[in-house]
>>> print(open('data37.pdb').read())   # PDB, C-alpha atoms, pLDDT in the B column
ATOM      1  CA  MET A1349      43.428 -14.482-101.224  1.00 81.00           C
ATOM      2  CA  ILE A1350      41.502 -12.203-103.529  1.00 89.00           C
ATOM      3  CA  ILE A1351      37.923 -11.700-102.387  1.00 93.00           C
ATOM      4  CA  LYS A1352      35.472 -10.993-105.165  1.00 94.00           C
ATOM      5  CA  GLU A1353      31.762 -10.530-105.692  1.00 96.00           C
ATOM      6  CA  GLY A1354      29.899 -13.847-105.681  1.00 97.00           C
ATOM      7  CA  ASP A1355      32.381 -15.711-103.428  1.00 97.00           C
ATOM      8  CA  THR A1356      30.664 -17.780-100.729  1.00 97.00           C
ATOM      9  CA  PHE A1357      31.999 -18.625 -97.292  1.00 97.00           C
ATOM     10  CA  GLY A1358      30.706 -21.013 -94.660  1.00 97.00           C
ATOM     11  CA  TYR A1359      30.943 -20.498 -90.916  1.00 96.00           C
ATOM     12  CA  SER A1360      29.209 -21.597 -87.721  1.00 95.00           C
ATOM     13  CA  LEU A1361      26.799 -19.488 -85.704  1.00 92.00           C
ATOM     14  CA  ASN A1362      27.305 -19.267 -81.915  1.00 90.00           C
ATOM     15  CA  ASN A1363      24.920 -22.199 -81.402  1.00 92.00           C
ATOM     16  CA  GLY A1364      26.869 -24.367 -83.878  1.00 92.00           C
ATOM     17  CA  THR A1365      24.375 -24.027 -86.732  1.00 93.00           C
ATOM     18  CA  PRO A1366      26.120 -23.838 -90.124  1.00 95.00           C
ATOM     19  CA  ALA A1367      25.641 -20.593 -92.036  1.00 96.00           C
ATOM     20  CA  THR A1368      26.754 -19.210 -95.389  1.00 97.00           C
ATOM     21  CA  ILE A1369      27.484 -15.700 -96.581  1.00 97.00           C
ATOM     22  CA  GLN A1370      27.937 -14.430-100.123  1.00 98.00           C
ATOM     23  CA  VAL A1371      30.102 -11.430-101.005  1.00 98.00           C
ATOM     24  CA  THR A1372      27.919  -8.839-102.740  1.00 97.00           C
ATOM     25  CA  SER A1373      30.582  -6.204-103.428  1.00 97.00           C
ATOM     26  CA  THR A1374      34.125  -5.130-102.715  1.00 95.00           C
ATOM     27  CA  VAL A1375      34.593  -1.368-102.886  1.00 92.00           C
ATOM     28  CA  GLY A1376      37.713   0.324-101.581  1.00 91.00           C
ATOM     29  CA  ASP A1377      38.682  -1.460 -98.367  1.00 93.00           C
ATOM     30  CA  LYS A1378      35.140  -2.698 -97.614  1.00 96.00           C
ATOM     31  CA  VAL A1379      33.605  -6.116 -98.208  1.00 97.00           C
ATOM     32  CA  ALA A1380      29.800  -6.242 -98.268  1.00 98.00           C
ATOM     33  CA  TYR A1381      28.026  -9.571 -97.802  1.00 97.00           C
ATOM     34  CA  LYS A1382      24.608 -11.101 -97.346  1.00 97.00           C
ATOM     35  CA  HIS A1383      23.587 -14.203 -95.466  1.00 96.00           C
ATOM     36  CA  ILE A1384      22.234 -16.867 -97.797  1.00 96.00           C
ATOM     37  CA  HIS A1385      21.853 -19.746 -95.323  1.00 94.00           C
ATOM     38  CA  GLY A1386      21.367 -20.083 -91.571  1.00 91.00           C
ATOM     39  CA  LYS A1387      20.628 -16.449 -90.804  1.00 88.00           C
ATOM     40  CA  THR A1388      19.068 -13.405 -92.461  1.00 90.00           C
ATOM     41  CA  GLY A1389      20.604 -10.010 -93.010  1.00 92.00           C
ATOM     42  CA  ALA A1390      23.644  -8.386 -94.497  1.00 95.00           C
ATOM     43  CA  GLY A1391      26.718  -6.516 -93.380  1.00 95.00           C
ATOM     44  CA  ARG A1392      29.919  -4.770 -94.297  1.00 96.00           C
ATOM     45  CA  ILE A1393      33.408  -5.057 -92.808  1.00 97.00           C
ATOM     46  CA  THR A1394      36.899  -3.995 -93.816  1.00 97.00           C
ATOM     47  CA  GLU A1395      38.780  -6.233 -96.210  1.00 96.00           C
ATOM     48  CA  ASP A1396      41.622  -6.621 -93.672  1.00 96.00           C
ATOM     49  CA  TYR A1397      39.233  -7.919 -91.009  1.00 97.00           C
ATOM     50  CA  PHE A1398      37.538 -10.227 -93.532  1.00 96.00           C
ATOM     51  CA  GLN A1399      40.975 -11.628 -94.474  1.00 95.00           C
ATOM     52  CA  GLN A1400      41.763 -12.208 -90.787  1.00 97.00           C
ATOM     53  CA  LEU A1401      38.523 -14.182 -90.398  1.00 96.00           C
ATOM     54  CA  VAL A1402      39.449 -16.334 -93.405  1.00 96.00           C
ATOM     55  CA  ASN A1403      43.046 -16.820 -92.247  1.00 96.00           C
ATOM     56  CA  ASN A1404      42.047 -17.887 -88.725  1.00 96.00           C
ATOM     57  CA  GLY A1405      39.498 -20.370 -90.094  1.00 95.00           C
ATOM     58  CA  TYR A1406      36.296 -18.613 -89.043  1.00 95.00           C
ATOM     59  CA  PHE A1407      35.173 -18.244 -92.677  1.00 96.00           C
ATOM     60  CA  GLN A1408      35.822 -21.200 -94.977  1.00 96.00           C
ATOM     61  CA  LYS A1409      35.667 -20.516 -98.718  1.00 96.00           C
ATOM     62  CA  GLN A1410      33.201 -22.793-100.482  1.00 95.00           C
TER
END
>>> encode(input="data37.pdb", output="structure tokens")
Amino acid sequence: MIIKEGDTFGYSLNNGTPATIQVTSTVGDKVAYKHIHGKTGAGRITEDYFQQLVNNGYFQKQ
């Protein structure tokens, strides 16, 4: 799957509350995102790790 700026992904917080992140940029091997529902903040992880989270079902593309 190609991850691009503007993509949104749903997931569940530890307490079961639904949350949503939006990809803000993909530069090199990094994916930056911000929380747009369920939590506040932002983060950055490697594209490989992000892909693993999608493939194992933790993030669901919306």
>>> closest_residue(input="data37.pdb", among="A:Gln1410, A:Thr1368, A:Gly1376, A:Ile1384", to="Asp1396 (chain A)", atoms="only C-alpha atoms")
A:Gly1376
>>> atom_distance(input="data37.pdb", atom1="CA of Gly1386 (chain A)", atom2="CA of Leu1361 (chain A)")
8.0 Å
>>> closest_residue(input="data37.pdb", among="A:Thr1388, A:Thr1394, A:Gln1399, A:Thr1356", to="Thr1374 (chain A)", atoms="all atoms listed in the file")
A:Thr1394
>>> residues_around(input="data37.pdb", residues="Gly1358 (chain A)", least_positions_apart="6", cutoff="7 Å", atoms="only C-alpha atoms", output="list in words")
Ala1367, Thr1368, Ile1369, Phe1407, Gln1408, Lys1409 and Gln1410 of chain A
>>> axis_aligned_box(input="data37.pdb", around="region 1371-1389 of chain A", padding_each_side="5 Å", output="AutoDock Vina command-line options")
--center_x 28.9 --center_y -9.9 --center_z -97.1 --size_x 29.6 --size_y 30.4 --size_z 22.6
>>> closest_residue(input="data37.pdb", among="A:Phe1357, A:Tyr1397, A:Met1349, A:Gln1370", to="His1383 (chain A)", atoms="all atoms listed in the file")
A:Gln1370
>>> atom_distance(input="data37.pdb", atom1="CA of Asn1403 (chain A)", atom2="CA of Val1379 (chain A)")
15.5 Å
>>> atom_distance(input="data37.pdb", atom1="CA of Lys1387 (chain A)", atom2="CA of Ile1350 (chain A)")
24.8 Å
>>> decode(input="data37.pdb", residues="chain A", atoms="C-alpha atoms", output="PDB file, in the first residue's frame")
ATOM      1  CA  MET A1349       0.000   0.000   0.000  1.00  0.00           C
ATOM      2  CA  ILE A1350       1.235   3.463  -0.835  1.00  0.00           C
ATOM      3  CA  ILE A1351       0.879   5.854   2.084  1.00  0.00           C
ATOM      4  CA  LYS A1352       0.403   9.466   1.107  1.00  0.00           C
ATOM      5  CA  GLU A1353      -0.296  12.818   2.698  1.00  0.00           C
ATOM      6  CA  GLY A1354      -3.958  13.201   3.656  1.00  0.00           C
ATOM      7  CA  ASP A1355      -4.652   9.461   4.152  1.00  0.00           C
ATOM      8  CA  THR A1356      -6.658   8.734   7.309  1.00  0.00           C
ATOM      9  CA  PHE A1357      -6.523   5.614   9.443  1.00  0.00           C
ATOM     10  CA  GLY A1358      -8.721   4.484  12.306  1.00  0.00           C
ATOM     11  CA  TYR A1359      -7.561   2.513  15.324  1.00  0.00           C
ATOM     12  CA  SER A1360      -8.575   1.858  18.925  1.00  0.00           C
ATOM     13  CA  LEU A1361      -6.939   3.394  21.972  1.00  0.00           C
ATOM     14  CA  ASN A1362      -5.974   1.092  24.875  1.00  0.00           C
ATOM     15  CA  ASN A1363      -9.339   1.750  26.546  1.00  0.00           C
ATOM     16  CA  GLY A1364     -11.236   0.797  23.365  1.00  0.00           C
ATOM     17  CA  THR A1365     -12.083   4.362  22.340  1.00  0.00           C
ATOM     18  CA  PRO A1366     -11.958   4.815  18.550  1.00  0.00           C
ATOM     19  CA  ALA A1367      -9.337   7.248  17.275  1.00  0.00           C
ATOM     20  CA  THR A1368      -8.256   8.568  13.886  1.00  0.00           C
ATOM     21  CA  ILE A1369      -4.923   9.758  12.561  1.00  0.00           C
ATOM     22  CA  GLN A1370      -4.168  11.661   9.372  1.00  0.00           C
ATOM     23  CA  VAL A1371      -0.860  11.391   7.513  1.00  0.00           C
ATOM     24  CA  THR A1372       0.688  14.862   7.302  1.00  0.00           C
ATOM     25  CA  SER A1373       3.823  13.978   5.327  1.00  0.00           C
ATOM     26  CA  THR A1374       5.960  11.162   4.014  1.00  0.00           C
ATOM     27  CA  VAL A1375       9.620  12.108   3.692  1.00  0.00           C
ATOM     28  CA  GLY A1376      12.315   9.518   3.119  1.00  0.00           C
ATOM     29  CA  ASP A1377      11.424   6.497   5.247  1.00  0.00           C
ATOM     30  CA  LYS A1378       9.371   8.495   7.785  1.00  0.00           C
ATOM     31  CA  VAL A1379       5.608   8.902   8.055  1.00  0.00           C
ATOM     32  CA  ALA A1380       4.400  11.893  10.076  1.00  0.00           C
ATOM     33  CA  TYR A1381       0.826  11.965  11.367  1.00  0.00           C
ATOM     34  CA  LYS A1382      -1.516  13.924  13.582  1.00  0.00           C
ATOM     35  CA  HIS A1383      -4.433  12.738  15.652  1.00  0.00           C
ATOM     36  CA  ILE A1384      -7.712  14.153  14.382  1.00  0.00           C
ATOM     37  CA  HIS A1385     -10.141  12.225  16.604  1.00  0.00           C
ATOM     38  CA  GLY A1386      -9.992  10.542  20.007  1.00  0.00           C
ATOM     39  CA  LYS A1387      -6.643  11.910  21.126  1.00  0.00           C
ATOM     40  CA  THR A1388      -4.476  14.996  20.650  1.00  0.00           C
ATOM     41  CA  GLY A1389      -0.920  15.177  19.421  1.00  0.00           C
ATOM     42  CA  ALA A1390       1.237  14.084  16.550  1.00  0.00           C
ATOM     43  CA  GLY A1391       4.057  11.687  15.848  1.00  0.00           C
ATOM     44  CA  ARG A1392       6.467  10.209  13.370  1.00  0.00           C
ATOM     45  CA  ILE A1393       7.427   6.588  12.708  1.00  0.00           C
ATOM     46  CA  THR A1394       9.258   4.705   9.981  1.00  0.00           C
ATOM     47  CA  GLU A1395       7.289   3.741   6.904  1.00  0.00           C
ATOM     48  CA  ASP A1396       8.139   0.050   7.473  1.00  0.00           C
ATOM     49  CA  TYR A1397       6.665   0.123  10.980  1.00  0.00           C
ATOM     50  CA  PHE A1398       3.595   2.022   9.745  1.00  0.00           C
ATOM     51  CA  GLN A1399       3.094  -0.654   7.052  1.00  0.00           C
ATOM     52  CA  GLN A1400       3.365  -3.386   9.700  1.00  0.00           C
ATOM     53  CA  LEU A1401       0.642  -1.677  11.752  1.00  0.00           C
ATOM     54  CA  VAL A1402      -1.615  -1.541   8.684  1.00  0.00           C
ATOM     55  CA  ASN A1403      -0.867  -5.140   7.683  1.00  0.00           C
ATOM     56  CA  ASN A1404      -1.589  -6.536  11.157  1.00  0.00           C
ATOM     57  CA  GLY A1405      -4.880  -4.621  11.350  1.00  0.00           C
ATOM     58  CA  TYR A1406      -3.958  -2.071  14.013  1.00  0.00           C
ATOM     59  CA  PHE A1407      -4.516   0.830  11.587  1.00  0.00           C
ATOM     60  CA  GLN A1408      -7.497   0.553   9.246  1.00  0.00           C
ATOM     61  CA  LYS A1409      -7.500   2.849   6.209  1.00  0.00           C
ATOM     62  CA  GLN A1410     -10.637   4.971   6.030  1.00  0.00           C
TER      63      GLN A1410
END
